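The file query-v1.txt contains compact mmCIF, C-alpha atoms and all ligand atoms:
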```txt
# COMPACT_ATOMS: atom_id res chain seq x y z
CA MET M 1 4.28 -11.51 -26.82
CA LEU M 2 0.88 -9.78 -26.82
CA ARG M 3 -1.94 -11.54 -25.01
CA PRO M 4 -4.46 -12.38 -27.73
CA VAL M 5 -8.04 -11.10 -27.52
CA SER M 6 -10.40 -14.05 -27.05
CA ILE M 7 -13.79 -12.27 -27.08
CA ILE M 8 -15.22 -8.74 -27.02
CA THR M 9 -18.73 -8.49 -25.57
CA ASP M 10 -21.41 -5.81 -26.04
CA SER M 11 -23.40 -4.60 -23.06
CA LEU M 12 -27.03 -5.41 -22.35
CA LEU M 13 -28.97 -2.34 -21.22
CA THR M 14 -30.89 -2.61 -17.96
CA ASN M 15 -32.01 -0.57 -14.95
CA VAL M 16 -31.14 -0.90 -11.28
CA GLY M 17 -33.40 1.37 -9.22
CA PRO M 18 -32.97 4.87 -10.67
CA LEU M 19 -29.76 4.00 -12.55
CA ASN M 20 -29.32 3.27 -16.27
CA VAL M 21 -26.99 0.30 -16.39
CA LYS M 22 -24.79 -1.29 -19.06
CA GLN M 23 -24.08 -5.00 -18.45
CA PRO M 24 -21.26 -6.58 -20.50
CA LEU M 25 -20.98 -9.53 -18.06
CA PRO M 26 -22.81 -11.84 -17.96
CA VAL M 27 -24.17 -11.93 -21.51
CA ALA M 28 -25.15 -14.92 -23.67
CA ALA M 29 -21.67 -15.04 -25.22
CA LEU M 30 -19.91 -14.81 -21.84
CA ARG M 31 -21.66 -16.55 -18.92
CA ASP M 32 -18.88 -15.64 -16.53
CA ALA M 33 -15.22 -14.67 -16.51
CA ASP M 34 -14.13 -16.69 -13.47
CA PRO M 35 -13.64 -15.29 -10.79
CA PHE M 36 -15.61 -12.25 -12.09
CA ILE M 37 -19.38 -12.85 -12.14
CA LEU M 38 -21.09 -9.60 -13.09
CA LEU M 39 -20.15 -6.08 -14.20
CA HIS M 40 -22.68 -3.22 -14.03
CA HIS M 41 -21.74 0.21 -15.37
CA ALA M 42 -24.21 2.87 -14.22
CA GLY M 43 -24.36 6.28 -15.89
CA PRO M 44 -22.89 8.70 -16.62
CA GLN M 45 -26.21 10.34 -15.80
CA PRO M 46 -27.17 13.71 -14.33
CA VAL M 47 -28.45 14.12 -10.80
CA VAL M 48 -30.85 17.09 -10.79
CA PRO M 49 -31.63 18.35 -7.26
CA GLY M 50 -35.20 17.46 -6.31
CA GLU M 51 -35.70 15.24 -9.38
CA PHE M 52 -33.51 12.23 -8.66
CA HIS M 53 -35.31 9.77 -6.43
CA GLY M 54 -34.54 6.43 -5.01
CA ARG M 55 -31.73 4.36 -3.72
CA VAL M 56 -31.27 0.62 -3.77
CA ASP M 57 -33.25 -0.54 -0.72
CA PRO M 58 -31.75 -2.85 1.92
CA HIS M 59 -30.99 -6.29 0.41
CA PRO M 60 -28.78 -9.23 1.38
CA HIS M 61 -25.74 -10.84 -0.22
CA ARG M 62 -23.86 -14.07 0.49
CA GLY M 63 -20.94 -15.90 -1.08
CA PHE M 64 -19.17 -13.20 -3.13
CA GLU M 65 -17.73 -9.66 -3.08
CA PRO M 66 -19.73 -6.73 -4.50
CA VAL M 67 -17.24 -3.96 -5.26
CA SER M 68 -18.24 -0.40 -6.27
CA PHE M 69 -15.85 1.88 -8.19
CA VAL M 70 -16.99 5.52 -8.33
CA TYR M 71 -15.86 7.33 -11.51
CA ARG M 72 -18.09 10.43 -11.07
CA GLY M 73 -20.30 11.69 -8.25
CA SER M 74 -20.60 10.16 -4.80
CA LEU M 75 -22.30 7.19 -3.14
CA LEU M 76 -23.71 6.60 0.33
CA HIS M 77 -23.51 3.08 1.79
CA ARG M 78 -25.14 1.59 4.90
CA ASP M 79 -24.92 -2.01 6.06
CA SER M 80 -25.95 -4.46 8.74
CA LEU M 81 -22.44 -4.42 10.26
CA GLY M 82 -23.15 -0.82 11.28
CA ASN M 83 -20.99 0.80 8.60
CA GLU M 84 -22.14 4.04 7.07
CA GLY M 85 -19.92 5.99 4.72
CA SER M 86 -19.71 7.85 1.49
CA ILE M 87 -17.14 7.64 -1.25
CA SER M 88 -16.63 9.93 -4.23
CA SER M 89 -14.92 9.86 -7.61
CA GLY M 90 -11.75 7.78 -7.67
CA GLU M 91 -12.82 5.84 -4.57
CA VAL M 92 -14.00 2.29 -3.95
CA GLN M 93 -16.11 0.31 -1.54
CA TRP M 94 -15.14 -3.35 -1.34
CA ILE M 95 -17.73 -5.54 0.39
CA THR M 96 -16.98 -9.13 1.36
CA SER M 97 -20.48 -10.51 1.85
CA GLY M 98 -19.21 -13.84 3.19
CA SER M 99 -21.91 -15.58 5.25
CA GLY M 100 -24.25 -12.60 4.87
CA ILE M 101 -24.56 -8.83 4.88
CA ILE M 102 -27.52 -6.53 4.26
CA HIS M 103 -26.78 -3.18 2.65
CA SER M 104 -28.42 -0.23 0.95
CA GLU M 105 -26.76 2.21 -1.39
CA GLY M 106 -27.49 5.22 -3.51
CA PRO M 107 -26.36 8.74 -4.33
CA SER M 108 -24.89 10.66 -1.37
CA GLU M 109 -26.93 13.36 0.36
CA GLN M 110 -24.46 15.92 -0.99
CA ILE M 111 -25.06 15.04 -4.66
CA LEU M 112 -28.83 14.83 -4.15
CA ARG M 113 -28.76 18.35 -2.66
CA ASP M 114 -26.23 20.03 -4.97
CA GLY M 115 -26.68 18.01 -8.17
CA GLY M 116 -23.93 16.53 -10.29
CA GLU M 117 -23.26 13.47 -12.36
CA LEU M 118 -23.07 9.80 -11.40
CA GLU M 119 -20.91 7.13 -12.99
CA ILE M 120 -20.28 3.92 -11.07
CA ILE M 121 -19.15 0.38 -11.74
CA GLN M 122 -20.34 -2.46 -9.57
CA LEU M 123 -18.37 -5.66 -9.97
CA TRP M 124 -19.21 -9.03 -8.41
CA ILE M 125 -16.16 -11.15 -7.59
CA ASN M 126 -16.72 -14.77 -6.59
CA LEU M 127 -15.37 -16.13 -3.30
CA PRO M 128 -13.59 -19.49 -3.14
CA ALA M 129 -15.83 -22.24 -1.69
CA GLU M 130 -13.89 -22.35 1.58
CA LYS M 131 -14.42 -18.60 2.09
CA LYS M 132 -18.10 -18.27 1.16
CA MET M 133 -19.17 -18.47 4.82
CA MET M 134 -16.39 -16.24 6.21
CA SER M 135 -17.34 -13.26 8.37
CA PRO M 136 -18.59 -10.33 6.29
CA ALA M 137 -16.33 -7.29 5.92
CA TYR M 138 -16.43 -3.78 4.49
CA GLN M 139 -13.45 -1.85 3.09
CA GLU M 140 -13.88 1.82 2.29
CA ILE M 141 -10.96 2.79 0.09
CA HIS M 142 -10.26 6.51 -0.14
CA ARG M 143 -8.28 8.34 -2.80
CA GLU M 144 -5.18 9.02 -0.72
CA SER M 145 -4.54 5.29 -0.22
CA ILE M 146 -4.74 4.38 -3.94
CA PRO M 147 -1.38 4.55 -5.80
CA THR M 148 -1.21 5.92 -9.34
CA VAL M 149 0.66 3.95 -11.99
CA SER M 150 1.72 5.92 -15.04
CA ILE M 151 1.41 4.04 -18.37
CA LEU M 152 1.97 4.80 -22.06
CA ASP M 153 4.77 7.33 -21.45
CA GLY M 154 2.71 9.30 -18.97
CA ALA M 155 -0.32 9.64 -21.27
CA GLY M 156 -2.33 7.20 -19.16
CA GLN M 157 -2.91 6.78 -15.44
CA LEU M 158 -4.08 3.72 -13.56
CA GLN M 159 -5.44 4.01 -10.02
CA LEU M 160 -4.33 0.71 -8.50
CA VAL M 161 -7.10 -0.49 -6.17
CA ALA M 162 -6.05 -4.12 -5.69
CA GLY M 163 -3.12 -6.36 -6.48
CA GLU M 164 0.32 -5.60 -7.92
CA PHE M 165 1.09 -3.63 -11.03
CA ALA M 166 4.41 -2.13 -12.17
CA GLY M 167 5.99 -2.66 -8.73
CA LYS M 168 3.16 -0.99 -6.81
CA ARG M 169 0.45 -2.57 -4.67
CA GLY M 170 -3.20 -1.57 -4.32
CA PRO M 171 -4.73 -1.21 -0.83
CA ALA M 172 -7.68 -3.63 -1.11
CA THR M 173 -7.53 -6.91 0.77
CA THR M 174 -8.69 -9.63 -1.61
CA GLN M 175 -9.72 -13.25 -0.95
CA SER M 176 -8.12 -14.69 -4.09
CA PRO M 177 -5.44 -13.18 -6.37
CA ILE M 178 -7.08 -10.09 -7.93
CA MET M 179 -5.74 -6.98 -9.67
CA ALA M 180 -8.14 -4.08 -10.22
CA ALA M 181 -7.30 -0.64 -11.61
CA MET M 182 -9.39 2.35 -12.72
CA GLY M 183 -7.78 4.27 -15.56
CA THR M 184 -7.82 7.19 -17.94
CA ILE M 185 -5.89 7.48 -21.19
CA ASP M 186 -5.31 10.64 -23.23
CA ALA M 187 -6.30 10.72 -26.89
CA GLY M 188 -3.41 9.64 -29.10
CA ALA M 189 -1.57 7.74 -26.37
CA THR M 190 -0.12 4.51 -27.65
CA GLY M 191 2.15 1.69 -26.51
CA GLU M 192 2.33 -1.63 -24.73
CA ILE M 193 1.73 -2.36 -21.07
CA ASP M 194 2.88 -5.42 -19.17
CA VAL M 195 -0.08 -7.12 -17.52
CA PRO M 196 -0.24 -9.28 -14.37
CA PRO M 197 0.48 -12.99 -14.94
CA MET M 198 -3.05 -14.09 -14.00
CA ARG M 199 -5.13 -16.32 -16.25
CA THR M 200 -8.20 -14.06 -16.39
CA LEU M 201 -7.62 -10.58 -17.84
CA LEU M 202 -10.46 -8.17 -18.66
CA LEU M 203 -10.56 -4.61 -20.00
CA TYR M 204 -13.83 -2.66 -19.84
CA VAL M 205 -14.20 0.66 -21.69
CA LEU M 206 -16.51 3.09 -19.86
CA GLY M 207 -16.10 5.93 -22.34
CA GLY M 208 -14.00 6.79 -25.37
CA SER M 209 -12.47 4.37 -27.83
CA LEU M 210 -9.30 2.28 -27.98
CA ARG M 211 -7.44 0.18 -30.50
CA VAL M 212 -6.31 -3.00 -28.72
CA ASN M 213 -3.38 -5.15 -29.88
CA ASN M 214 -3.11 -3.00 -33.03
CA GLU M 215 -6.25 -4.45 -34.58
CA HIS M 216 -9.42 -4.41 -32.44
CA VAL M 217 -11.28 -1.10 -32.15
CA VAL M 218 -13.07 -1.19 -28.80
CA ASP M 219 -15.73 1.46 -28.22
CA ARG M 220 -17.41 2.40 -24.96
CA HIS M 221 -19.51 -0.22 -23.13
CA LYS M 222 -17.51 -3.11 -24.53
CA LEU M 223 -15.57 -5.67 -22.50
CA VAL M 224 -12.40 -7.28 -23.84
CA VAL M 225 -11.51 -10.75 -22.55
CA PHE M 226 -7.91 -11.77 -23.19
CA ALA M 227 -6.55 -15.29 -23.66
CA ASP M 228 -4.29 -16.65 -20.91
CA ASN M 229 -1.01 -16.61 -22.83
CA GLY M 230 1.27 -13.61 -23.39
CA GLN M 231 2.73 -10.90 -21.14
CA SER M 232 1.50 -7.58 -22.48
CA ILE M 233 -1.28 -5.81 -24.35
CA SER M 234 -1.07 -2.86 -26.69
CA LEU M 235 -3.38 0.13 -26.41
CA GLU M 236 -3.92 3.16 -28.62
CA ALA M 237 -6.48 5.71 -27.45
CA ILE M 238 -8.50 7.04 -30.39
CA GLU M 239 -10.36 9.38 -28.00
CA PRO M 240 -9.87 10.24 -24.31
CA THR M 241 -10.75 6.91 -22.76
CA SER M 242 -11.83 5.69 -19.34
CA ILE M 243 -11.23 2.04 -18.41
CA LEU M 244 -11.39 -0.64 -15.73
CA LEU M 245 -8.60 -3.23 -15.95
CA LEU M 246 -9.12 -6.50 -14.05
CA ALA M 247 -7.09 -9.66 -13.55
CA GLY M 248 -7.71 -12.76 -11.46
CA GLU M 249 -7.18 -16.48 -11.17
CA PRO M 250 -10.15 -18.73 -12.03
CA LEU M 251 -11.59 -20.57 -9.01
CA GLU M 252 -12.79 -23.47 -11.21
CA GLU M 253 -15.56 -24.43 -8.78
CA PRO M 254 -19.27 -25.05 -9.45
CA MET M 255 -21.18 -21.75 -9.27
CA ILE M 256 -24.89 -21.14 -8.75
CA ALA M 257 -25.84 -17.45 -8.84
CA TYR M 258 -29.43 -16.82 -7.81
CA GLY M 259 -30.69 -13.32 -7.04
CA PRO M 260 -28.38 -11.78 -4.43
CA PHE M 261 -26.55 -15.02 -3.56
CA VAL M 262 -23.65 -16.83 -5.27
CA MET M 263 -22.96 -20.31 -3.92
CA ASN M 264 -21.63 -23.70 -5.08
CA THR M 265 -24.83 -25.80 -4.83
CA GLU M 266 -28.63 -25.38 -5.04
CA ASP M 267 -28.93 -26.53 -1.42
CA GLU M 268 -26.65 -23.67 -0.36
CA ILE M 269 -28.86 -21.20 -2.27
CA ARG M 270 -31.98 -22.55 -0.49
CA GLN M 271 -30.16 -22.27 2.84
CA ALA M 272 -29.21 -18.66 2.05
CA PHE M 273 -32.88 -17.68 1.51
CA LEU M 274 -33.85 -19.50 4.72
CA ASP M 275 -31.08 -17.83 6.74
CA PHE M 276 -32.00 -14.39 5.34
CA ARG M 277 -35.70 -14.85 6.22
CA GLN M 278 -34.76 -15.97 9.72
CA GLY M 279 -32.64 -12.86 10.28
CA ALA M 280 -29.27 -14.66 10.31
CA MET M 281 -27.75 -12.08 7.93
CA GLY M 282 -28.40 -9.21 10.31
CA GLN M 283 -30.73 -6.26 10.20
CA LEU M 284 -30.87 -2.95 8.33
CA ASP M 285 -34.01 -0.82 8.46
CA TYR M 286 -33.32 1.83 5.85
MN MN M 301 -26.04 -5.00 -3.36
```

Mind turning the file's structure into structure tokens?
Amino acid sequence: MLRPVSIITDSLLTNVGPLNVKQPLPVAALRDADPFILLHHAGPQPVVPGEFHGRVDPHPHRGFEPVSFVYRGSLLHRDSLGNEGSISSGEVQWITSGSGIIHSEGPSEQILRDGGELEIIQLWINLPAEKKMMSPAYQEIHRESIPTVSILDGAGQLQLVAGEFAGKRGPATTQSPIMAAMGTIDAGATGEIDVPPMRTLLLYVLGGSLRVNNEHVVDRHKLVVFADNGQSISLEAIEPTSILLLAGEPLEEPMIAYGPFVMNTEDEIRQAFLDFRQGAMGQLDY
């Protein structure tokens, strides 16, 4: 049985530093999609050498996992654990902020010098209450470690970043059951795919256009939220389409998201600001 579509959201348009961002989650019609809190889709936008300025300055996080998926271009990351690294298209940085991390991020030096195009998704995944104060961690996931899953008779490819899909397993270590896959589908491809048996299932369309479950036309910048019954979904690509497919189990805990922190109570948010000001989340100067 096909998993029914429960809601399709449109993106808000916003800016984060120099990036033009689409935000399909949260929106008024979808406050969260437990355990997924926020989805930002930046670009695609050109990087012209000498004309693209700015990166996201050092800032803290606590209580969740900010995950960046690079679809085009390359990103440079620095953090208070001493990590510095860049990732490029088809690669992922998976940050577990835990009790606190300070990071900065922006286009890599290579793309700023040579020019190119940037397209990135940043996803915020909530941490279970008992893991919000765990030690922070940083996973840099390179292309060679990410298995490809062929779908729709070979006319679609999923890059499996986390969780299990079609007998393969993605390399990311997750703190609750999560499946995450970046994908591309050729125009005209059609068929059903079996989806992971997790209660939250989301499909975001970065570019192109799909018909979902034989009836819903889903254009770029829209997010499909599926109901929690059924085993498969059907997809038909009307154009070449680029997607992010996500599944997870709801945490079903109180959530207070305030600025860069996501905790369970207001007191914990106040404590996070206090700890940050007192330097307990570490140090990063640039
Ligand atoms: Mn951040």

Q: Please identify every polymer residue within 9 Å of ligand MN 301 (chain M), using all atoms listed in the file, and present the set as a list of chain:residue names.
A: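 Checking all atoms listed in the file against ligand MN 301 (chain M) at 9 Å gives M:Val56, M:Asp57, M:Pro58, M:His59, M:Pro60, M:His61, M:Pro66, M:Ile102, M:His103, M:Ser104, M:Glu105, M:Gln122, M:Pro260.
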
Atoms kept (C-alpha atoms) for selection, written as a compact mmCIF listing (two decimals), in the coordinates of the input:
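The resulting file, out-v7.txt, is reproduced below:
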```txt
# COMPACT_ATOMS: atom_id res chain seq x y z
CA VAL M 56 -31.27 0.62 -3.77
CA ASP M 57 -33.25 -0.54 -0.72
CA PRO M 58 -31.75 -2.85 1.92
CA HIS M 59 -30.99 -6.29 0.41
CA PRO M 60 -28.78 -9.23 1.38
CA HIS M 61 -25.74 -10.84 -0.22
CA PRO M 66 -19.73 -6.73 -4.50
CA ILE M 102 -27.52 -6.53 4.26
CA HIS M 103 -26.78 -3.18 2.65
CA SER M 104 -28.42 -0.23 0.95
CA GLU M 105 -26.76 2.21 -1.39
CA GLN M 122 -20.34 -2.46 -9.57
CA PRO M 260 -28.38 -11.78 -4.43
```

(Q) I'd like the neighbourhood of Gly167 of chain M as a count of residues only, where a residue qualifies if any of its atoms comes within 12 Å (using only C-alpha atoms), though same-chain residues fewer than 2 positions away should be ignored. (A) 13

Q: Kindly indicate which residue among M:Leu112, M:Val92, M:Met182, M:Leu2 lies nearest to Gly156 of chain M, using all atoms listed in the file for the distances.
A: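 Counting all atoms listed in the file, the residue closest to Gly156 of chain M is M:Met182.
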
(Q) Show me the residues close to (-23.5, -2.4, 9.2) - anything with an atom within 9 Å, counting all atoms listed in the file - and format the list as JSON, numbers by chain. (A) {"M": [78, 79, 80, 81, 82, 83, 84, 101, 102, 103, 138, 282, 283, 284]}

Q) Which distance in Å separates atom CA of Gly248 of chain M and atom CA of Thr200 of chain M, to one decimal? A)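 Atom CA of Thr200 of chain M lies 5.1 Å from atom CA of Gly248 of chain M.
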